[in-house]
>>> print(open('run.txt').read())   # compact mmCIF, C-alpha atoms
# COMPACT_ATOMS: atom_id res chain seq x y z
CA MET A 194 -11.70 14.63 19.67
CA PHE A 195 -12.98 17.85 18.11
CA ARG A 196 -11.63 16.93 14.68
CA GLY A 197 -12.91 13.37 15.01
CA LEU A 198 -16.44 14.42 15.93
CA THR A 199 -16.46 16.80 12.97
CA MET A 200 -15.33 14.07 10.56
CA THR A 201 -17.93 11.68 12.01
CA LEU A 202 -20.62 14.24 11.22
CA MET A 203 -19.16 14.77 7.76
CA VAL A 204 -19.31 11.13 6.65
CA PHE A 205 -22.76 10.87 8.27
CA VAL A 206 -24.37 13.80 6.42
CA ASN A 207 -22.62 12.83 3.17
CA GLU A 208 -24.85 9.74 3.12
CA PHE A 209 -28.11 11.71 3.00
CA TRP A 210 -28.25 11.63 -0.81
CA LYS A 211 -29.01 7.89 -0.71
CA VAL A 212 -32.13 8.17 1.50
CA PHE A 213 -35.42 10.06 1.50
CA ASN A 214 -37.14 12.67 3.67
CA VAL A 215 -34.30 13.40 6.06
CA PRO A 216 -35.51 15.84 8.77
CA HIS A 217 -35.01 19.33 7.39
CA TRP A 218 -32.92 20.54 10.33
CA MET A 219 -30.30 17.92 9.43
CA GLU A 220 -29.98 18.85 5.75
CA HIS A 221 -28.35 21.68 3.84
CA PHE A 222 -30.63 24.70 3.80
CA ALA A 223 -31.47 26.37 0.48
CA THR A 224 -29.26 29.25 -0.64
CA LEU A 225 -31.73 32.01 0.26
CA GLU A 226 -33.25 30.22 3.23
CA ASP A 227 -32.21 32.17 6.32
CA GLY A 228 -30.77 29.46 8.55
CA MET A 229 -28.49 26.44 8.69
CA GLY A 230 -28.98 22.73 9.19
CA LEU A 231 -26.66 20.17 10.72
CA ALA A 232 -25.06 19.53 7.31
CA ASP A 233 -24.26 23.26 6.99
CA ILE A 234 -21.99 23.37 10.04
CA VAL A 235 -19.77 20.40 9.16
CA PHE A 236 -17.46 21.87 6.51
CA PRO A 237 -16.77 25.19 8.29
CA MET A 238 -16.26 23.34 11.57
CA PHE A 239 -13.70 21.13 9.86
CA LEU A 240 -11.91 24.27 8.60
CA PHE A 241 -11.92 25.47 12.21
CA ALA A 242 -10.35 22.15 13.31
CA MET A 243 -7.79 22.44 10.52
CA GLY A 244 -6.79 25.86 11.83
CA MET A 245 -6.54 24.52 15.38
CA SER A 246 -4.10 21.82 14.30
CA ILE A 247 -1.64 24.16 12.57
CA PRO A 248 0.23 25.48 15.65
CA TYR A 249 0.60 21.94 17.02
CA ALA A 250 1.95 20.59 13.74
CA LEU A 251 4.33 23.43 12.92
CA GLU A 252 5.68 23.84 16.46
CA ARG A 253 6.34 20.08 16.55
CA ARG A 254 8.40 20.37 13.35
CA ILE A 255 10.30 23.36 14.70
CA ALA A 256 11.00 21.55 17.99
CA LYS A 257 12.48 18.65 16.02
CA GLY A 258 14.97 21.01 14.40
CA TYR A 259 13.50 21.31 10.89
CA SER A 260 14.53 24.47 9.08
CA THR A 261 12.10 27.19 8.02
CA GLU A 262 12.74 26.30 4.39
CA SER A 263 11.84 22.63 4.89
CA THR A 264 8.74 23.64 6.83
CA VAL A 265 7.60 25.89 3.99
CA LEU A 266 8.16 23.04 1.53
CA HIS A 267 6.17 20.76 3.83
CA ILE A 268 3.28 23.24 3.84
CA PHE A 269 3.32 23.46 0.05
CA SER A 270 3.53 19.67 -0.38
CA ARG A 271 0.51 19.16 1.90
CA THR A 272 -1.40 21.83 0.00
CA LEU A 273 -0.53 20.21 -3.34
CA ALA A 274 -1.70 16.82 -2.10
CA LEU A 275 -5.06 18.23 -1.03
CA LEU A 276 -5.46 20.10 -4.32
CA ILE A 277 -4.71 16.97 -6.36
CA MET A 278 -7.12 14.81 -4.37
CA GLY A 279 -9.73 17.55 -4.50
CA ALA A 280 -9.40 17.87 -8.27
CA PHE A 281 -9.81 14.11 -8.81
CA ILE A 282 -12.83 13.88 -6.53
CA CYS A 283 -14.41 16.97 -8.05
CA ASN A 284 -14.02 15.69 -11.62
CA GLN A 285 -15.76 12.42 -10.83
CA GLU A 286 -18.53 14.08 -8.78
CA ALA A 287 -19.28 17.29 -10.66
CA ARG A 288 -19.54 15.88 -14.18
CA GLU A 289 -20.89 12.82 -15.91
CA MET A 290 -18.09 10.49 -16.95
CA ALA A 291 -17.69 8.40 -20.06
CA GLY A 292 -16.40 4.85 -19.74
CA ASN A 293 -16.28 2.70 -16.61
CA ARG A 294 -16.79 5.25 -13.84
CA ALA A 295 -16.83 2.63 -11.07
CA LEU A 296 -13.39 1.33 -12.06
CA TRP A 297 -12.04 4.89 -12.42
CA VAL A 298 -13.21 5.85 -8.90
CA PHE A 299 -11.82 2.64 -7.40
CA LEU A 300 -8.42 3.14 -9.05
CA MET A 301 -8.45 6.78 -7.94
CA VAL A 302 -8.68 5.66 -4.31
CA VAL A 303 -5.96 3.04 -4.89
CA GLY A 304 -3.75 5.76 -6.35
CA PHE A 305 -4.33 8.00 -3.32
CA PHE A 306 -3.28 5.24 -0.93
CA LEU A 307 -0.27 4.20 -3.01
CA LEU A 308 1.06 7.76 -3.14
CA TRP A 309 0.15 9.11 0.29
CA ASN A 310 0.13 6.05 2.52
CA GLN A 311 2.10 6.33 5.78
CA TYR A 312 4.74 3.71 5.01
CA PRO A 313 7.21 2.48 7.63
CA ARG A 314 10.28 4.69 7.82
CA ASP A 315 13.18 3.47 5.61
CA TRP A 316 10.98 0.75 4.05
CA LYS A 317 12.55 0.40 0.59
CA PRO A 318 9.44 -0.71 -1.39
CA ALA A 319 7.68 2.53 -0.33
CA ARG A 320 9.48 4.52 -3.02
CA TRP A 321 8.27 2.25 -5.80
CA LEU A 322 4.73 2.16 -4.45
CA LYS A 323 4.67 5.97 -4.43
CA ILE A 324 5.92 6.02 -8.02
CA ALA A 325 3.19 3.53 -8.92
CA GLY A 326 0.63 5.87 -7.34
CA ILE A 327 1.92 8.82 -9.38
CA VAL A 328 1.78 6.79 -12.60
CA LEU A 329 -1.71 5.48 -11.84
CA LEU A 330 -3.16 8.91 -11.05
CA SER A 331 -1.46 10.40 -14.13
CA VAL A 332 -3.00 7.74 -16.36
CA LEU A 333 -6.44 8.27 -14.80
CA ALA A 334 -6.19 12.00 -15.45
CA LEU A 335 -5.12 11.41 -19.06
CA VAL A 336 -7.88 8.92 -19.91
CA TYR A 337 -10.63 10.90 -18.17
CA ARG A 338 -13.42 11.99 -20.52
CA THR A 339 -16.98 13.22 -20.25
CA PRO A 340 -19.58 12.08 -22.83
CA ASP A 341 -19.00 15.28 -24.81
CA GLY A 342 -15.22 14.75 -24.83
CA ALA A 343 -14.19 17.18 -22.09
CA ARG A 344 -10.96 16.30 -20.33
CA PHE A 345 -9.78 16.32 -16.72
CA GLU A 346 -9.55 19.89 -15.37
CA GLY A 347 -9.30 21.92 -12.16
CA LEU A 348 -12.97 22.92 -11.87
CA TRP A 349 -13.57 24.29 -8.34
CA TRP A 350 -11.07 22.01 -6.50
CA GLY A 351 -13.70 20.31 -4.33
CA ILE A 352 -13.89 20.18 -0.55
CA LEU A 353 -10.34 18.90 -0.10
CA GLY A 354 -9.01 21.53 -2.49
CA GLN A 355 -10.72 24.31 -0.54
CA ILE A 356 -9.22 22.94 2.66
CA GLY A 357 -5.85 22.91 0.91
CA TRP A 358 -6.00 26.59 -0.06
CA MET A 359 -7.15 27.59 3.44
CA TYR A 360 -4.41 25.47 4.99
CA LEU A 361 -1.78 27.16 2.84
CA PHE A 362 -2.98 30.64 3.83
CA CYS A 363 -3.38 29.91 7.54
CA ALA A 364 -0.13 27.92 7.87
CA MET A 365 1.93 30.58 6.12
CA ALA A 366 0.22 33.30 8.16
CA TYR A 367 1.15 31.47 11.35
CA LEU A 368 4.72 30.83 10.25
CA LEU A 369 5.30 34.45 9.19
CA SER A 370 3.64 35.96 12.27
CA ARG A 371 4.95 33.49 14.83
CA GLY A 372 5.09 35.23 18.21
CA ARG A 373 2.95 38.16 17.00
CA ASN A 374 -0.58 36.93 17.58
CA TRP A 375 -2.04 40.36 16.92
CA VAL A 376 -1.18 39.89 13.23
CA LEU A 377 -3.47 36.86 13.08
CA ALA A 378 -6.26 38.83 14.75
CA VAL A 379 -5.87 41.59 12.16
CA LEU A 380 -5.96 39.03 9.33
CA TRP A 381 -9.12 37.53 10.83
CA GLY A 382 -10.73 40.97 10.86
CA LEU A 383 -9.63 41.72 7.30
CA THR A 384 -10.97 38.44 5.89
CA ALA A 385 -14.26 39.00 7.76
CA PHE A 386 -14.39 42.49 6.21
CA VAL A 387 -13.75 41.03 2.74
CA ASN A 388 -16.68 38.68 3.30
CA LEU A 389 -18.97 41.60 4.14
CA THR A 390 -17.96 43.46 0.98
CA VAL A 391 -18.56 40.63 -1.50
CA VAL A 392 -21.55 38.72 -0.08
CA PRO A 393 -24.98 40.22 -0.92
CA MET A 394 -26.97 41.74 1.93
CA ARG A 395 -30.59 40.94 2.76
CA ASP A 396 -31.86 43.60 0.35
CA GLY A 397 -29.75 42.23 -2.49
CA GLY A 398 -27.28 45.10 -2.42
CA THR A 399 -23.64 45.05 -1.35
CA PHE A 400 -22.02 46.70 1.63
CA ILE A 401 -19.18 48.24 -0.38
CA GLY A 402 -18.77 46.29 -3.61
CA PRO A 403 -15.57 45.48 -5.52
CA ASN A 404 -12.46 46.63 -3.72
CA PHE A 405 -8.72 46.00 -3.50
CA LEU A 406 -8.94 43.69 -0.48
CA ALA A 407 -11.53 41.51 -2.20
CA ASP A 408 -9.36 41.34 -5.32
CA LEU A 409 -6.35 40.38 -3.20
CA ALA A 410 -8.38 37.68 -1.43
CA GLY A 411 -9.38 36.31 -4.82
CA ALA A 412 -5.76 36.21 -5.94
CA LEU A 413 -4.87 34.28 -2.77
CA GLN A 414 -7.65 31.74 -3.49
CA LEU A 415 -9.60 32.89 -0.42
CA GLY A 416 -12.82 33.44 -2.36
CA LYS A 417 -15.38 35.15 -0.14
CA GLY A 418 -13.09 34.92 2.86
CA TYR A 419 -15.26 32.64 4.99
CA GLY A 420 -12.76 29.77 4.90
CA ALA A 421 -10.00 32.01 6.22
CA VAL A 422 -12.32 33.33 8.93
CA MET A 423 -12.92 29.78 10.11
CA GLY A 424 -9.32 28.59 9.78
CA LEU A 425 -7.80 31.63 11.48
CA GLY A 426 -10.45 31.39 14.20
CA GLY A 427 -9.37 27.83 14.99
CA LEU A 428 -5.72 28.81 14.90
CA MET A 429 -6.29 31.63 17.40
CA LEU A 430 -8.30 29.32 19.67
CA THR A 431 -5.28 27.00 19.99
CA LEU A 432 -3.00 29.94 20.76
CA ALA A 433 -5.44 31.21 23.38
CA ASP A 434 -5.67 27.71 24.87
CA TRP A 435 -1.88 27.61 25.19
CA LYS A 436 -1.72 31.06 26.73
CA LEU A 437 -4.30 30.14 29.37
CA GLN A 438 -2.67 26.85 30.40
CA ASP A 439 -1.61 28.23 33.79
CA ARG A 440 -5.09 29.53 34.65
CA LYS A 441 -7.46 27.60 36.86
CA PRO A 442 -9.59 25.07 34.91
CA GLN A 443 -12.82 26.82 35.91
CA GLU A 444 -11.46 30.14 34.65
CA ARG A 445 -10.38 28.62 31.35
CA MET A 446 -13.81 27.07 30.87
CA GLY A 447 -15.52 30.33 31.72
CA LEU A 448 -13.39 32.25 29.22
CA GLY A 449 -14.11 29.63 26.56
CA PHE A 450 -17.87 29.85 26.93
CA ALA A 451 -17.62 33.65 27.15
CA ALA A 452 -15.74 33.73 23.83
CA ALA A 453 -18.43 31.53 22.27
CA ALA A 454 -21.09 33.94 23.57
CA VAL A 455 -19.26 36.95 22.11
CA LEU A 456 -19.05 35.24 18.70
CA ALA A 457 -22.77 34.40 18.86
CA VAL A 458 -23.64 38.02 19.71
CA LEU A 459 -21.49 39.24 16.81
CA GLY A 460 -23.33 36.77 14.59
CA MET A 461 -26.67 38.18 15.70
CA ALA A 462 -25.45 41.73 15.07
CA PHE A 463 -24.44 40.99 11.49
CA HIS A 464 -27.53 38.82 11.01
CA THR A 465 -29.55 42.03 10.82
CA GLY A 466 -27.86 42.87 7.51
CA TRP A 467 -27.03 39.43 6.11
CA ILE A 468 -28.91 36.13 6.19
CA VAL A 469 -27.39 32.89 7.48
CA SER A 470 -26.45 30.90 4.37
CA LYS A 471 -23.78 28.28 3.76
CA ASN A 472 -24.13 28.54 -0.02
CA LEU A 473 -23.59 32.31 0.07
CA GLY A 474 -20.90 31.94 2.74
CA THR A 475 -22.26 34.79 4.87
CA LEU A 476 -20.45 36.17 7.91
CA PRO A 477 -23.32 35.40 10.36
CA TRP A 478 -23.04 31.75 9.30
CA CYS A 479 -19.28 31.87 9.99
CA LEU A 480 -19.74 33.52 13.38
CA TYR A 481 -22.49 31.15 14.54
CA VAL A 482 -20.44 28.09 13.55
CA SER A 483 -17.37 29.63 15.21
CA ALA A 484 -19.40 30.07 18.40
CA LEU A 485 -20.53 26.44 18.24
CA SER A 486 -16.92 25.31 17.62
CA VAL A 487 -15.50 27.22 20.59
CA ALA A 488 -18.31 26.00 22.85
CA LEU A 489 -17.85 22.36 21.75
CA TYR A 490 -14.07 22.52 22.23
CA THR A 491 -14.53 24.05 25.68
CA LEU A 492 -16.99 21.29 26.57
CA LEU A 493 -14.52 18.64 25.40
CA ARG A 494 -11.84 20.24 27.56
CA MET A 495 -14.19 19.91 30.54
CA LEU A 496 -14.77 16.24 29.77
CA GLU A 497 -11.02 15.70 29.39
CA ARG A 498 -10.36 17.30 32.79
CA LYS A 499 -12.85 14.91 34.39
CA ALA A 500 -11.43 11.94 32.40
CA TRP A 501 -14.83 11.38 30.77
CA THR A 502 -13.39 10.51 27.37
CA GLY A 503 -13.90 6.75 27.08
CA TRP A 504 -16.97 7.29 24.89
CA PHE A 505 -14.67 8.62 22.12
CA LYS A 506 -12.59 5.44 21.79
CA PRO A 507 -14.85 3.84 19.10
CA LEU A 508 -14.51 7.07 17.08
CA GLN A 509 -10.76 7.39 17.52
CA PRO A 510 -9.86 6.70 13.85
CA THR A 511 -11.82 9.83 12.89
CA GLY A 512 -9.36 11.91 14.92
CA THR A 513 -6.13 10.04 14.18
CA ALA A 514 -6.77 8.81 10.62
CA THR A 515 -9.10 11.61 9.54
CA LEU A 516 -8.21 11.73 5.85
CA THR A 517 -8.48 7.94 5.61
CA VAL A 518 -12.02 8.08 7.01
CA TYR A 519 -12.92 10.77 4.46
CA ILE A 520 -11.59 8.80 1.45
CA ILE A 521 -12.90 5.33 2.34
CA PRO A 522 -16.53 6.12 1.33
CA TYR A 523 -15.34 6.51 -2.26
CA LEU A 524 -14.60 2.78 -2.35
CA PHE A 525 -18.27 2.23 -1.53
CA ILE A 526 -19.28 4.85 -4.10
CA ALA A 527 -17.38 2.84 -6.73
CA LEU A 528 -19.36 -0.23 -5.69
CA TRP A 529 -22.60 1.77 -5.75
CA VAL A 530 -21.88 3.03 -9.28
CA ALA A 531 -21.01 -0.50 -10.45
CA VAL A 532 -24.22 -2.00 -9.07
CA SER A 533 -26.42 1.08 -9.76
CA PRO A 534 -29.07 0.11 -7.19
CA THR A 535 -32.35 1.95 -6.78
CA PRO A 536 -32.54 3.41 -3.25
CA ALA A 537 -35.03 1.38 -1.21
CA PRO A 538 -38.26 3.38 -0.76
CA TRP A 539 -38.43 2.34 2.89
CA LEU A 540 -35.16 4.19 3.61
CA THR A 541 -37.07 7.30 4.56
CA GLY A 542 -37.22 9.59 7.56
CA TRP A 543 -35.53 8.31 10.68
CA THR A 544 -35.03 4.86 9.12
CA GLY A 545 -32.93 6.50 6.45
CA VAL A 546 -31.06 8.52 9.08
CA ALA A 547 -30.29 5.31 10.97
CA LYS A 548 -28.94 3.78 7.76
CA CYS A 549 -26.65 6.83 7.31
CA ALA A 550 -25.39 6.43 10.88
CA LEU A 551 -24.74 2.73 10.22
CA MET A 552 -22.73 3.52 7.09
CA ALA A 553 -20.69 6.13 8.99
CA ALA A 554 -19.90 3.41 11.55
CA VAL A 555 -18.87 1.07 8.72
CA TYR A 556 -16.47 3.68 7.30
CA ILE A 557 -14.93 4.28 10.72
CA GLY A 558 -14.59 0.52 11.23
CA CYS A 559 -12.89 0.19 7.85
CA ALA A 560 -10.46 2.96 8.77
CA TRP A 561 -9.66 1.14 12.00
CA GLY A 562 -9.01 -2.06 10.05
CA PHE A 563 -6.89 -0.26 7.46
CA THR A 564 -4.66 1.30 10.13
CA LYS A 565 -4.15 -2.12 11.72
CA LEU A 566 -2.92 -3.29 8.31
CA GLY A 567 -0.55 -0.35 8.02
CA ILE A 568 -2.76 1.55 5.55
CA LYS A 569 -3.25 5.18 6.54
CA LEU A 570 -3.21 8.35 4.48
CA LYS A 571 -0.63 10.86 5.67
CA ILE A 572 0.20 14.08 3.87
>>> encode(input="run.txt", output="structure tokens")
Amino acid sequence: MFRGLTMTLMVFVNEFWKVFNVPHWMEHFATLEDGMGLADIVFPMFLFAMGMSIPYALERRIAKGYSTESTVLHIFSRTLALLIMGAFICNQEAREMAGNRALWVFLMVVGFFLLWNQYPRDWKPARWLKIAGIVLLSVLALVYRTPDGARFEGLWWGILGQIGWMYLFCAMAYLLSRGRNWVLAVLWGLTAFVNLTVVPMRDGGTFIGPNFLADLAGALQLGKGYGAVMGLGGLMLTLADWKLQDRKPQERMGLGFAAAAVLAVLGMAFHTGWIVSKNLGTLPWCLYVSALSVALYTLLRMLERKAWTGWFKPLQPTGTATLTVYIIPYLFIALWVAVSPTPAPWLTGWTGVAKCALMAAVYIGCAWGFTKLGIKLKI
């Protein structure tokens, strides 16, 4: 439910570019604007959900008898898939393309589904469809050009690529420290410290400046460290949830909201030295979103205990076919590029917001239909 609500928000705010005058509190705030809008909490909250899922996924593999070696290979294969998808999406979004962009984007999505669809086990055609996906994506990468002749390249990996790097770090950290939760807490503190050393303070200066830990974080593709702070935070929340399973429900809820309050207070403490900024990736931004994430998860646990979860059923594909929901909008982007419509001037304000909500519902409905047809991305 937590992951699904986050993905619902993600596809909703991703539609804002097609409408006008969205209320400011819903949009991304400017880099040096001290604050965050609804759109600024979606990506870090999804990293938090990614971290939460890691113990469930890896413990399930271990319980099934998979070896450590196969689990490591599984982690690397998932990371590679996210990096590849991120690179394709980033190349078509970040730069102007030469040739038929609409067709390229459409075939990109087809390639993703051919290669990473969840085919029935032991279904013989699956192998050939996967090979077709590899060939298609390879051809698309080879023929890619910008108007000035630039070719397909890594760029900044995109949203999915960033999730991939954070998944690799958090999953390996969990696997290597399994049973020693204090190691994860230390890593969380170290990545938060790295963030403080590399992100500018309010006065434009730096807390410490270049240092070994920051260089190491860069080598591990952690950047400013905020992604690891969010991912490790989610991972530790799951472990805490497991550890408290035998406590009374009221006590568990109280501890959850208390943890959210502590994170919020920490955010306020660091807010005195650093602004809240998604674009800068500041620690107060991480801590405030972490507080919101813990509070939301605790609230969802309360609703689960009371069996008040029927409202989530229409959104279920966002939690069970999350990657499919994220990729489906690119089919509509291909159509948009092909038609090249001018956004209707009346799609402004709350009318535009309603249109974004409608499109999010369409994407979720498409994902539901795809899964019924046996089409679902699984990496």
>>> residues_around(input="run.txt", residues="Asp341 (chain A)", least_positions_apart="3", cutoff="10 Å", atoms="all atoms listed in the file", output="PDB file with C-alpha atoms, in the coordinates of the input")
ATOM      1  CA  GLU A 289     -20.890  12.820 -15.910  1.00  0.00           C
ATOM      2  CA  MET A 290     -18.090  10.490 -16.950  1.00  0.00           C
ATOM      3  CA  ALA A 291     -17.690   8.400 -20.060  1.00  0.00           C
ATOM      4  CA  ARG A 338     -13.420  11.990 -20.520  1.00  0.00           C
ATOM      5  CA  ARG A 344     -10.960  16.300 -20.330  1.00  0.00           C
TER       6      ARG A 344
END
>>> axis_aligned_box(input="run.txt", around="region 407-418 of chain A", padding_each_side="6 Å", output="JSON")
{"center_x": -10.1, "center_y": 36.6, "center_z": -1.5, "size_x": 22.5, "size_y": 21.8, "size_z": 20.8}
>>> closest_residue(input="run.txt", among="A:Ala462, A:Ile247, A:Leu492, A:Val387", to="Gly426 (chain A)", atoms="all atoms listed in the file")
A:Ile247
>>> closest_residue(input="run.txt", among="A:Gly304, A:Gly512, A:Pro216, A:Gly449", to="Trp561 (chain A)", atoms="all atoms listed in the file")
A:Gly512
>>> closest_residue(input="run.txt", among="A:Val376, A:Met200, A:Ala560, A:Val212", to="Trp539 (chain A)", atoms="all atoms listed in the file")
A:Val212
>>> atom_distance(input="run.txt", atom1="CA of Lys499 (chain A)", atom2="CA of Met194 (chain A)")
14.8 Å
>>> residues_near_point(input="run.txt", point="(-8.6, 0.6, -9.1)", cutoff="12 Å", atoms="all atoms listed in the file", output="number ranges by chain")
A: 293-307, 326, 329-330, 332-333, 523-524, 527-528
>>> residues_around(input="run.txt", residues="Leu348 (chain A)", least_positions_apart="3", cutoff="9 Å", atoms="all atoms listed in the file", output="ChimeraX atom specification")
/A:280,283-284,287,345,351
>>> atom_distance(input="run.txt", atom1="CA of Arg196 (chain A)", atom2="CA of Ile520 (chain A)")
15.5 Å
>>> atom_distance(input="run.txt", atom1="CA of Val336 (chain A)", atom2="CA of Leu275 (chain A)")
21.2 Å
>>> residues_around(input="run.txt", residues="Phe222 (chain A)", least_positions_apart="2", cutoff="10 Å", atoms="all atoms listed in the file", output="VMD selection string")
chain A and resid 217 to 220 224 to 233 469 to 472
